[in-house]
Amino acid sequence: MRKTDIVKQGLMRISEVAKAAGVSLPTIHYYTREGLLFPSLKTAHNMAYYSPDCVEDIRLIKEFQSKRFLPLSVIKLILQAKRDGQDVKHVSEMESVLGDIFQPMPDETQSESISLAELISVSGLSETDVNELIAMGVIIASETENGPVFDGIETRIAQIAKRLLTFGLKPADFEIYQQYMEITRSEFKTIHEIIHHLPNHEVIPLRELFKLASDFKGCLATRIYRQEARHLQEHS
């Protein structure tokens, strides 16, 4: 394609995109490799042109990372829904709900990942207990060049697990929570499938959907505890 035709289409060199978005060239290369940005035209192995829309996409990526704490894999879902022509209300709702999910919890005090030794120190768990909980998938480590690290939610889980152990639970007792995690994972996949296969013109109030699912689980758990309490009373 001739340069004049590229100019007429309003396409931008990567250096122009970087300058307009206020990011470095390696950042754009990284976003492109991760599938968050797509060149509109490649004229050579090392020459590509981008749509001006990429400037807004980069702004959104940085905002989602800094204000909503969303990982790139989740940001990619939002951008893809936007590019697929999903209803703007649906995309906005998706941004809001995912932002709430990844917002640090009140007790999730640390913002940076910590080492295994630090996790043991702040949680009070023994290394053996931590390793057992990791093996069950109750605590999840992120592998790095310097060894396993644990983010804020894993630290909070470890601290709660320590408190439960002081009430008499043993690490092996946490196997019941493996089942709960698998059921919750299946629940999320079911909801995602429903949302994913919606016609573009249909919009589901995602916040209400997730709240109803959470309330439903809470009601079921309360009912079970009530039933078991009555059962114990009747047989005491």
# chains A, B, ... in the order shown; residues from 1 in each chain; ligands from 1

$ residues_around --residues "Ala20 of chain A" --least-positions-apart "3" --cutoff "7 Å" --atoms "only C-alpha atoms" --output "PyMOL selection string"
chain A and resi 16-17+55

$ write_last_selection --atoms "all heavy atoms" --output "PDB file, in the first residue's frame"
ATOM      1  N   GLU A  16       4.319   7.003  16.504  1.00  0.00           N
ATOM      2  CA  GLU A  16       3.285   8.029  16.671  1.00  0.00           C
ATOM      3  C   GLU A  16       2.257   7.609  17.721  1.00  0.00           C
ATOM      4  O   GLU A  16       1.793   8.437  18.515  1.00  0.00           O
ATOM      5  CB  GLU A  16       2.602   8.281  15.326  1.00  0.00           C
ATOM      6  CG  GLU A  16       3.519   8.870  14.264  1.00  0.00           C
ATOM      7  CD  GLU A  16       2.866   8.921  12.893  1.00  0.00           C
ATOM      8  OE1 GLU A  16       2.101   7.998  12.551  1.00  0.00           O
ATOM      9  OE2 GLU A  16       3.133   9.898  12.152  1.00  0.00           O
ATOM     10  N   VAL A  17       1.916   6.317  17.724  1.00  0.00           N
ATOM     11  CA  VAL A  17       0.983   5.799  18.729  1.00  0.00           C
ATOM     12  C   VAL A  17       1.594   5.944  20.118  1.00  0.00           C
ATOM     13  O   VAL A  17       0.924   6.372  21.058  1.00  0.00           O
ATOM     14  CB  VAL A  17       0.640   4.322  18.451  1.00  0.00           C
ATOM     15  CG1 VAL A  17      -0.215   3.753  19.574  1.00  0.00           C
ATOM     16  CG2 VAL A  17      -0.078   4.187  17.117  1.00  0.00           C
ATOM     17  N   VAL A  55      -4.823   4.292  20.469  1.00  0.00           N
ATOM     18  CA  VAL A  55      -4.437   5.269  21.497  1.00  0.00           C
ATOM     19  C   VAL A  55      -5.429   5.223  22.656  1.00  0.00           C
ATOM     20  O   VAL A  55      -5.045   5.198  23.831  1.00  0.00           O
ATOM     21  CB  VAL A  55      -4.360   6.692  20.903  1.00  0.00           C
ATOM     22  CG1 VAL A  55      -4.058   7.716  22.001  1.00  0.00           C
ATOM     23  CG2 VAL A  55      -3.315   6.753  19.794  1.00  0.00           C
TER      24      VAL A  55
END

$ select_by_dssp --residues "chain A" --states "helix (DSSP H, G or I)" --output "PyMOL selection string"
chain A and resi 3-8+14-21+25-33+53-67+72-83+88-102+116-123+127-136+152-166+171-196+206-234

$ closest_residue --among "A:Met47, A:Val122, A:Arg83, A:Phe216" --to "Arg156 of chain A" --atoms "only C-alpha atoms"
A:Val122

$ residues_around --residues "segment 36-38 of chain A" --least-positions-apart "5" --cutoff "10 Å" --atoms "only C-alpha atoms" --output "PyMOL selection string"
chain A and resi 28-31+48-51+53-55+57-58+61+72-73+75-80

$ select_by_dssp --residues "segment 122-231 of chain A" --states "strand (DSSP E or B)" --output "PyMOL selection string"
chain A and resi 142-144+147-150

$ residues_around --residues "segment 179-187 of chain A" --least-positions-apart "3" --cutoff "9 Å" --atoms "only C-alpha atoms" --output "list in words"
Gly137, Val138, Glu175, Ile176, Thr190, Ile191, His192 and Ala213 of chain A

$ atom_distance --atom1 "atom CA of Ile114 of chain A" --atom2 "atom CA of Lys162 of chain A"
17.3 Å

$ atom_distance --atom1 "atom CA of Lys62 of chain A" --atom2 "atom CA of Ala141 of chain A"
25.5 Å

$ atom_distance --atom1 "atom CA of Glu132 of chain A" --atom2 "atom CA of Pro148 of chain A"
14.6 Å

$ residues_around --residues "Asn146 of chain A" --least-positions-apart "4" --cutoff "12 Å" --atoms "only C-alpha atoms" --output "NGL selection string"
:A and (113-116 or 142)

$ residues_around --residues "Pro104 of chain A" --least-positions-apart "6" --cutoff "12 Å" --atoms "only C-alpha atoms" --output "list in words"
Lys67, Arg68, Phe69, Leu70, Leu98, Gln110, Ser111, Glu112, Asp151, Gly152, Ile153, Glu154 and Arg156 of chain A

$ write_last_selection --atoms "N, CA and C atoms" --output "compact mmCIF listing (two decimals), in the first residue's frame"
# COMPACT_ATOMS: atom_id res chain seq x y z
N LYS A 67 -6.31 1.78 38.23
CA LYS A 67 -7.46 2.14 39.06
C LYS A 67 -8.34 0.95 39.43
N ARG A 68 -8.37 -0.07 38.57
CA ARG A 68 -9.23 -1.23 38.84
C ARG A 68 -8.43 -2.49 39.14
N PHE A 69 -7.09 -2.39 39.04
CA PHE A 69 -6.20 -3.49 39.39
C PHE A 69 -6.44 -4.75 38.55
N LEU A 70 -6.92 -4.56 37.32
CA LEU A 70 -7.22 -5.70 36.47
C LEU A 70 -5.95 -6.24 35.81
N LEU A 98 -16.00 -6.64 36.85
CA LEU A 98 -14.64 -7.15 36.94
C LEU A 98 -13.77 -6.26 37.80
N GLN A 110 -1.61 -6.08 51.73
CA GLN A 110 -0.38 -5.92 50.95
C GLN A 110 -0.70 -5.74 49.47
N SER A 111 0.10 -4.93 48.82
CA SER A 111 -0.09 -4.70 47.39
C SER A 111 0.94 -5.46 46.57
N GLU A 112 2.06 -5.82 47.18
CA GLU A 112 3.12 -6.51 46.45
C GLU A 112 3.18 -7.97 46.89
N ASP A 151 0.41 -13.29 46.48
CA ASP A 151 -0.17 -11.95 46.47
C ASP A 151 -1.05 -11.74 47.70
N GLY A 152 -1.75 -10.61 47.73
CA GLY A 152 -2.53 -10.24 48.91
C GLY A 152 -3.63 -11.21 49.26
N ILE A 153 -4.35 -11.73 48.28
CA ILE A 153 -5.45 -12.64 48.56
C ILE A 153 -4.93 -13.95 49.13
N GLU A 154 -3.78 -14.43 48.64
CA GLU A 154 -3.20 -15.67 49.17
C GLU A 154 -2.74 -15.47 50.62
N ARG A 156 -4.08 -13.39 52.75
CA ARG A 156 -5.28 -13.34 53.59
C ARG A 156 -5.84 -14.75 53.82

$ closest_residue --among "A:Gly22, A:Pro52, A:Gly99, A:Pro71" --to "Arg207 of chain A" --atoms "only C-alpha atoms"
A:Gly99

$ residues_around --residues "Arg163 of chain A" --least-positions-apart "6" --cutoff "12 Å" --atoms "only C-alpha atoms" --output "short mmCIF file (atom, residue, chain, number, x, y, z; two decimals) with N, CA and C atoms, in the first residue's frame"
data_model
loop_
_atom_site.label_atom_id
_atom_site.label_comp_id
_atom_site.auth_asym_id
_atom_site.auth_seq_id
_atom_site.Cartn_x
_atom_site.Cartn_y
_atom_site.Cartn_z
N SER A 123 1.62 -15.04 58.38
CA SER A 123 0.42 -15.86 58.63
C SER A 123 0.52 -16.66 59.91
N GLY A 124 1.74 -17.02 60.32
CA GLY A 124 1.91 -17.85 61.49
C GLY A 124 1.81 -19.34 61.19
N LEU A 125 1.59 -19.70 59.93
CA LEU A 125 1.55 -21.10 59.53
C LEU A 125 2.97 -21.68 59.50
N ARG A 156 -4.08 -13.39 52.75
CA ARG A 156 -5.28 -13.34 53.59
C ARG A 156 -5.84 -14.75 53.82
N ILE A 157 -5.84 -15.57 52.77
CA ILE A 157 -6.30 -16.96 52.91
C ILE A 157 -5.44 -17.70 53.93
N LEU A 169 -9.09 -27.43 63.45
CA LEU A 169 -9.02 -28.03 62.13
C LEU A 169 -7.59 -28.47 61.84
N LYS A 170 -7.45 -29.48 61.02
CA LYS A 170 -6.14 -29.94 60.56
C LYS A 170 -6.02 -29.63 59.08
N PRO A 171 -4.79 -29.51 58.58
CA PRO A 171 -4.63 -29.22 57.14
C PRO A 171 -5.43 -30.16 56.25
#
